[in-house]
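Trainee: Data file structure-v6.cif (mmCIF, C-alpha atoms and all ligand atoms; chains and numbers go by the auth columns) is appended below.
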data_work
loop_
_atom_site.group_PDB
_atom_site.id
_atom_site.type_symbol
_atom_site.label_atom_id
_atom_site.label_comp_id
_atom_site.label_asym_id
_atom_site.label_seq_id
_atom_site.Cartn_x
_atom_site.Cartn_y
_atom_site.Cartn_z
_atom_site.B_iso_or_equiv
_atom_site.auth_seq_id
_atom_site.auth_asym_id
ATOM 1 C CA MET A 1 -75.758 21.534 20.810 0.00 304 A
ATOM 2 C CA PRO A 2 -74.772 18.822 18.318 0.00 305 A
ATOM 3 C CA CYS A 3 -73.614 15.388 19.442 0.00 306 A
ATOM 4 C CA ASP A 4 -70.032 16.108 18.318 0.00 307 A
ATOM 5 C CA ASP A 5 -69.812 18.832 20.949 0.00 308 A
ATOM 6 C CA TYR A 6 -70.994 16.371 23.581 0.00 309 A
ATOM 7 C CA LYS A 7 -68.237 14.029 22.512 0.00 310 A
ATOM 8 C CA LEU A 8 -65.753 16.734 23.442 0.00 311 A
ATOM 9 C CA LEU A 9 -67.481 17.029 26.823 0.00 312 A
ATOM 10 C CA ILE A 10 -67.208 13.265 27.255 0.00 313 A
ATOM 11 C CA MET A 11 -63.469 13.584 26.722 0.00 314 A
ATOM 12 C CA SER A 12 -63.132 16.314 29.309 0.00 315 A
ATOM 13 C CA LEU A 13 -65.320 14.345 31.720 0.00 316 A
ATOM 14 C CA LEU A 14 -63.033 11.339 31.441 0.00 317 A
ATOM 15 C CA ASP A 15 -59.981 13.538 31.821 0.00 318 A
ATOM 16 C CA GLY A 16 -61.552 15.026 34.937 0.00 319 A
ATOM 17 C CA GLU A 17 -61.442 18.491 33.395 0.00 320 A
ATOM 18 C CA ILE A 18 -65.159 19.109 32.993 0.00 321 A
ATOM 19 C CA GLY A 19 -66.870 22.084 34.655 0.00 322 A
ATOM 20 C CA PRO A 20 -69.970 21.572 36.836 0.00 323 A
ATOM 21 C CA ASP A 21 -72.324 23.266 34.321 0.00 324 A
ATOM 22 C CA GLU A 22 -70.977 21.248 31.418 0.00 325 A
ATOM 23 C CA ARG A 23 -71.302 18.128 33.478 0.00 326 A
ATOM 24 C CA VAL A 24 -75.015 18.717 34.115 0.00 327 A
ATOM 25 C CA ARG A 25 -75.562 19.474 30.441 0.00 328 A
ATOM 26 C CA LEU A 26 -73.746 16.316 29.396 0.00 329 A
ATOM 27 C CA GLU A 27 -75.657 14.162 31.894 0.00 330 A
ATOM 28 C CA ASP A 28 -78.961 15.578 30.632 0.00 331 A
ATOM 29 C CA HIS A 29 -77.985 14.848 27.069 0.00 332 A
ATOM 30 C CA ILE A 30 -76.776 11.337 27.790 0.00 333 A
ATOM 31 C CA ARG A 31 -80.111 10.482 29.368 0.00 334 A
ATOM 32 C CA GLU A 32 -81.822 11.368 26.096 0.00 335 A
ATOM 33 C CA CYS A 33 -79.223 10.275 23.553 0.00 336 A
ATOM 34 C CA PRO A 34 -78.339 6.565 23.444 0.00 337 A
ATOM 35 C CA ALA A 35 -75.557 7.197 20.921 0.00 338 A
ATOM 36 C CA CYS A 36 -73.668 9.506 23.265 0.00 339 A
ATOM 37 C CA ALA A 37 -74.397 7.230 26.235 0.00 340 A
ATOM 38 C CA ARG A 38 -72.788 4.384 24.326 0.00 341 A
ATOM 39 C CA GLU A 39 -69.903 6.646 23.368 0.00 342 A
ATOM 40 C CA LEU A 40 -69.291 7.486 27.011 0.00 343 A
ATOM 41 C CA GLU A 41 -69.428 3.805 27.943 0.00 344 A
ATOM 42 C CA GLU A 42 -66.918 2.896 25.218 0.00 345 A
ATOM 43 C CA PHE A 43 -64.537 5.659 26.199 0.00 346 A
ATOM 44 C CA ARG A 44 -64.850 4.657 29.830 0.00 347 A
ATOM 45 C CA LYS A 45 -63.905 1.101 28.960 0.00 348 A
ATOM 46 C CA LEU A 46 -61.042 2.339 26.805 0.00 349 A
ATOM 47 C CA LYS A 47 -59.818 4.610 29.551 0.00 350 A
ATOM 48 C CA GLY A 48 -60.123 1.824 32.095 0.00 351 A
ATOM 49 C CA VAL A 49 -57.925 -0.311 29.895 0.00 352 A
ATOM 50 C CA THR A 50 -55.267 2.357 29.508 0.00 353 A
ATOM 51 C CA ASP A 51 -55.331 3.082 33.247 0.00 354 A
ATOM 52 C CA GLN A 52 -54.786 -0.580 33.915 0.00 355 A
ATOM 53 C CA MET A 53 -51.933 -0.628 31.439 0.00 356 A
ATOM 54 C CA LYS A 54 -50.304 2.172 33.363 0.00 357 A
ATOM 55 C CA PHE A 55 -50.545 0.084 36.495 0.00 358 A
ATOM 56 C CA VAL A 56 -49.159 -3.024 34.880 0.00 359 A
ATOM 57 C CA GLU A 57 -45.574 -1.881 34.856 0.00 360 A
ATOM 58 C CA PRO A 58 -43.945 -4.014 37.477 0.00 361 A
ATOM 59 C CA GLU A 59 -40.431 -3.437 36.214 0.00 362 A
ATOM 60 C CA ASP A 60 -39.589 -0.492 38.459 0.00 363 A
ATOM 61 C CA GLU A 61 -40.949 -2.224 41.481 0.00 364 A
ATOM 62 C CA VAL A 62 -39.134 -5.439 40.680 0.00 365 A
ATOM 63 C CA TRP A 63 -35.862 -3.575 40.271 0.00 366 A
ATOM 64 C CA GLU A 64 -36.466 -1.621 43.435 0.00 367 A
ATOM 65 C CA ARG A 65 -36.955 -4.813 45.356 0.00 368 A
ATOM 66 C CA TYR A 66 -33.848 -6.239 43.740 0.00 369 A
ATOM 67 C CA TRP A 67 -31.797 -3.226 44.750 0.00 370 A
ATOM 68 C CA ALA A 68 -33.329 -3.133 48.191 0.00 371 A
ATOM 69 C CA ASN A 69 -31.361 -6.298 48.802 0.00 372 A
ATOM 70 C CA VAL A 70 -28.226 -5.087 50.579 0.00 373 A
ATOM 71 C CA TYR A 71 -26.115 -7.856 49.158 0.00 374 A
ATOM 72 C CA ASN A 72 -26.894 -6.912 45.565 0.00 375 A
ATOM 73 C CA ARG A 73 -26.040 -3.316 46.284 0.00 376 A
ATOM 74 C CA LEU A 74 -22.823 -4.256 48.029 0.00 377 A
ATOM 75 C CA GLU A 75 -21.856 -6.609 45.239 0.00 378 A
ATOM 76 C CA ARG A 76 -22.362 -3.936 42.618 0.00 379 A
ATOM 77 C CA GLY A 77 -20.562 -1.323 44.685 0.00 380 A
ATOM 78 C CA VAL A 78 -17.547 -3.534 45.332 0.00 381 A
ATOM 79 C CA ALA A 79 -17.479 -4.545 41.677 0.00 382 A
ATOM 80 C CA TRP A 80 -17.467 -0.905 40.686 0.00 383 A
ATOM 81 C CA ILE A 81 -14.663 -0.008 43.055 0.00 384 A
ATOM 82 C CA LEU A 82 -12.511 -2.976 42.026 0.00 385 A
ATOM 83 C CA THR A 83 -13.112 -2.355 38.339 0.00 386 A
ATOM 84 C CA SER A 84 -12.312 1.310 38.731 0.00 387 A
ATOM 85 C CA ILE A 85 -9.142 0.714 40.704 0.00 388 A
ATOM 86 C CA GLY A 86 -8.023 -2.019 38.318 0.00 389 A
ATOM 87 C CA THR A 87 -8.677 0.127 35.282 0.00 390 A
ATOM 88 C CA ILE A 88 -6.846 3.075 36.760 0.00 391 A
ATOM 89 C CA LEU A 89 -3.826 0.964 37.708 0.00 392 A
ATOM 90 C CA VAL A 90 -3.622 -0.668 34.281 0.00 393 A
ATOM 91 C CA LEU A 91 -3.979 2.695 32.607 0.00 394 A
ATOM 92 C CA ILE A 92 -1.311 4.292 34.756 0.00 395 A
ATOM 93 C CA TYR A 93 1.047 1.374 34.140 0.00 396 A
ATOM 94 C CA ALA A 94 0.478 1.426 30.399 0.00 397 A
ATOM 95 C CA ALA A 95 0.837 5.199 30.339 0.00 398 A
ATOM 96 C CA PHE A 96 4.132 5.089 32.208 0.00 399 A
ATOM 97 C CA ARG A 97 5.516 2.386 29.935 0.00 400 A
ATOM 98 C CA PHE A 98 4.412 4.273 26.868 0.00 401 A
ATOM 99 C CA VAL A 99 5.615 7.669 28.065 0.00 402 A
ATOM 100 C CA ASP A 100 8.945 6.184 29.109 0.00 403 A
ATOM 101 C CA GLN A 101 9.650 4.903 25.617 0.00 404 A
ATOM 102 C CA PHE A 102 8.011 7.826 23.892 0.00 405 A
ATOM 103 C CA VAL A 103 9.882 10.531 25.789 0.00 406 A
ATOM 104 C CA ARG A 104 13.223 8.839 25.234 0.00 407 A
ATOM 105 C CA ASP A 105 12.657 8.636 21.500 0.00 408 A
ATOM 106 C CA PRO A 106 14.811 11.458 20.072 0.00 409 A
ATOM 107 C CA GLN A 107 12.868 11.478 16.813 0.00 410 A
ATOM 108 C CA VAL A 108 9.655 12.693 18.427 0.00 411 A
ATOM 109 C CA SER A 109 9.351 16.449 18.771 0.00 412 A
ATOM 110 C CA LEU A 110 9.076 18.001 22.236 0.00 413 A
ATOM 111 C CA LEU A 111 5.713 19.540 21.468 0.00 414 A
ATOM 112 C CA LEU A 112 4.220 16.160 20.588 0.00 415 A
ATOM 113 C CA LYS A 113 5.717 14.649 23.736 0.00 416 A
ATOM 114 C CA VAL A 114 4.127 17.321 25.900 0.00 417 A
ATOM 115 C CA ALA A 115 0.820 16.916 24.076 0.00 418 A
ATOM 116 C CA VAL A 116 0.751 13.143 24.517 0.00 419 A
ATOM 117 C CA VAL A 117 1.705 13.325 28.194 0.00 420 A
ATOM 118 C CA ALA A 118 -1.025 15.925 28.772 0.00 421 A
ATOM 119 C CA LEU A 119 -3.518 13.729 26.949 0.00 422 A
ATOM 120 C CA LEU A 120 -2.631 10.700 29.044 0.00 423 A
ATOM 121 C CA ILE A 121 -2.854 12.635 32.288 0.00 424 A
ATOM 122 C CA GLY A 122 -6.224 13.956 31.151 0.00 425 A
ATOM 123 C CA VAL A 123 -7.519 10.448 30.465 0.00 426 A
ATOM 124 C CA VAL A 124 -6.341 9.182 33.860 0.00 427 A
ATOM 125 C CA VAL A 125 -7.921 12.131 35.687 0.00 428 A
ATOM 126 C CA LEU A 126 -11.137 11.561 33.759 0.00 429 A
ATOM 127 C CA PHE A 127 -11.210 7.931 34.836 0.00 430 A
ATOM 128 C CA VAL A 128 -10.586 8.833 38.447 0.00 431 A
ATOM 129 C CA SER A 129 -13.339 11.435 38.218 0.00 432 A
ATOM 130 C CA VAL A 130 -15.844 8.975 36.757 0.00 433 A
ATOM 131 C CA ALA A 131 -14.922 6.353 39.314 0.00 434 A
ATOM 132 C CA ARG A 132 -15.410 8.833 42.153 0.00 435 A
ATOM 133 C CA GLU A 133 -18.752 9.855 40.744 0.00 436 A
ATOM 134 C CA ARG A 134 -19.811 6.194 40.621 0.00 437 A
ATOM 135 C CA ILE A 135 -18.753 5.632 44.201 0.00 438 A
ATOM 136 C CA PHE A 136 -20.548 8.801 45.263 0.00 439 A
ATOM 137 C CA ILE A 137 -23.767 7.689 43.556 0.00 440 A
ATOM 138 C CA TRP A 138 -23.433 4.262 45.117 0.00 441 A
ATOM 139 C CA ARG A 139 -23.023 5.780 48.578 0.00 442 A
ATOM 140 C CA LYS A 140 -26.063 7.974 48.054 0.00 443 A
ATOM 141 C CA ASP A 141 -28.060 4.930 46.978 0.00 444 A
ATOM 142 C CA LYS A 142 -27.003 3.129 50.106 0.00 445 A
ATOM 143 C CA TYR A 143 -27.995 6.103 52.228 0.00 446 A
ATOM 144 C CA ARG A 144 -31.366 6.349 50.526 0.00 447 A
ATOM 145 C CA GLY A 145 -31.898 2.653 51.171 0.00 448 A
ATOM 146 C CA VAL A 146 -31.330 3.239 54.887 0.00 449 A
ATOM 147 C CA ILE A 147 -33.843 6.093 54.973 0.00 450 A
ATOM 148 C CA ARG A 148 -36.514 4.002 53.280 0.00 451 A
HETATM 149 ZN ZN ZN B . -75.785 12.729 21.518 0.00 1 B
#
Would you put the structure from the file into structure tokens?

Mentor:
Amino acid sequence: MPCDDYKLLIMSLLDGEIGPDERVRLEDHIRECPACARELEEFRKLKGVTDQMKFVEPEDEVWERYWANVYNRLERGVAWILTSIGTILVLIYAAFRFVDQFVRDPQVSLLLKVAVVALLIGVVVLFVSVARERIFIWRKDKYRGVIR
């Protein structure tokens, strides 16, 4: 078996996908072939480095700790609720003002009036829906935090 084939075995060894027979064959070869032994060593080092790089990703953990803080979660939740309510109220107010003037305008056709009113109602319902989804997700987060 040529050395190139053993290089493939080295790869599967490092990936933990090598069969027992192949493993014995590779070990026998590595004892006799310094080139492949060095290859294995290099790949091991390389793999060790990449494994370490996978570990050095503190971001998730940092964020998790941040969000584990009840105050942070509460702050964000309250901010979301207030923002949602405020947005909805402003939208409803603006919509009413607009519709009031728009509907009274005799130059605008009835079809367009109906279309615009439907559009505005749709936007408001969408906002309410998104806000409710946010609150739902926030509640679930809170619940999950309790379980943990
Ligand atoms: Zn070799």

Trainee: Which residues form the shell of 6 Å around ligand ZN 1 (chain B) when you count all atoms listed in the file, given as a tab-separated table (two decimals) with C-alpha atoms, keeping the file's coordinate frame?

Mentor:
chain	number	residue	atom	x	y	z
A	306	CYS	CA	-73.61	15.39	19.44
A	336	CYS	CA	-79.22	10.28	23.55
A	338	ALA	CA	-75.56	7.20	20.92
A	339	CYS	CA	-73.67	9.51	23.26

Trainee: Counting only C-alpha atoms, figure out which residue out of A:Leu317, A:Leu377, A:Ala418, A:Leu343 gets nearest to Ile438 in chain A.

Mentor: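 Counting only C-alpha atoms, the residue closest to Ile438 in chain A is A:Leu377.
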
Trainee: Residue by residue, what does the PyMOL selection byres (((chain A and resi 395-410) around 10) and not hetatm) grab here? Present the result as a list in words.

Mentor: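 Given this file, the PyMOL selection byres (((chain A and resi 395-410) around 10) and not hetatm) evaluates to Gly389, Thr390, Ile391, Leu392, Val393, Leu394, Val411, Ser412, Leu413, Leu415, Lys416, Val417, Val419, Val420, Leu423, Ile424, Val426 and Val427 of chain A.
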
Trainee: CA of Asp363 in chain A and CA of Ser387 in chain A, how far apart in Å?

Mentor: 27.3 Å

Trainee: Within 10 Å of (-16.5, 5.3, 37.0), only C-alpha atoms: residues as a list in words?

Mentor: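 Residues with an atom close enough to that point: Trp383, Ile384, Thr386, Ser387, Ile388, Thr390, Ile391, Leu429, Phe430, Val431, Ser432, Val433, Ala434, Arg435, Glu436, Arg437, Ile438 and Phe439 of chain A.
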
Trainee: Here is a test: counting all atoms listed in the file, which residue of A:Asp444, A:Glu330, A:Glu335, A:Glu364 is nearest to Leu316 in chain A?

Mentor: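 Among A:Asp444, A:Glu330, A:Glu335, A:Glu364, it is A:Glu330 that comes nearest to Leu316 in chain A.
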
Trainee: Please identify all polymer residues within 8 Å of Leu329 in chain A, counting all atoms listed in the file, omitting same-chain residues fewer than 5 positions from it, and present them as a ChimeraX atom specification.

Mentor: /A:309,312-313

Trainee: Please determine, counting all atoms listed in the file, which residue among A:Ile321, A:Arg334, A:Trp441, A:Ser315 has the shortest atom-to-atom distance to Val373 in chain A.

Mentor: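 That would be A:Trp441, the residue with the smallest distance to Val373 in chain A.
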
Trainee: Which residue, A:Val365, A:Met314, A:Val381, A:Ile333, has the smallest gap to Lys350 in chain A when you use only C-alpha atoms?

Mentor: A:Met314

Trainee: Expressed in Å to a single decimal, how great is the separation between CA of Pro305 in chain A and CA of Arg341 in chain A?

Mentor: 15.8 Å

Trainee: For CA of Lys443 in chain A and CA of Ala371 in chain A, determine how far apart the two atoms are, in Å to one decimal place.

Mentor: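 So the two atoms, CA of Lys443 in chain A and CA of Ala371 in chain A, lie 13.3 Å apart.
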
Trainee: Box along x, y and z, 5 Å on every side, all listed atoms of range 410-425 of chain A inside: centre and edge lengths in Å to one decimal, as AutoDock Vina command-line options.

Mentor:
--center_x 3.3 --center_y 15.1 --center_z 24.6 --size_x 29.1 --size_y 18.8 --size_z 25.5

Trainee: With all atoms listed in the file as the counted atoms, please give the residues lying no more than 12 Å from Met304 in chain A, apart from itself and same-chain residues fewer than 4 positions off, as a list of chain:residue names.

Mentor: A:Asp308, A:Tyr309, A:Lys310, A:Leu311, A:Leu312, A:Glu325, A:Arg328, A:Leu329, A:Asp331, A:His332

Trainee: Could you check the closest approach to Phe346 in chain A for each of A:Asn372, A:Asp318, A:Leu385, A:Arg326 and tell me which residue wins, using all atoms listed in the file?

Mentor: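 Counting all atoms listed in the file, the residue closest to Phe346 in chain A is A:Asp318.
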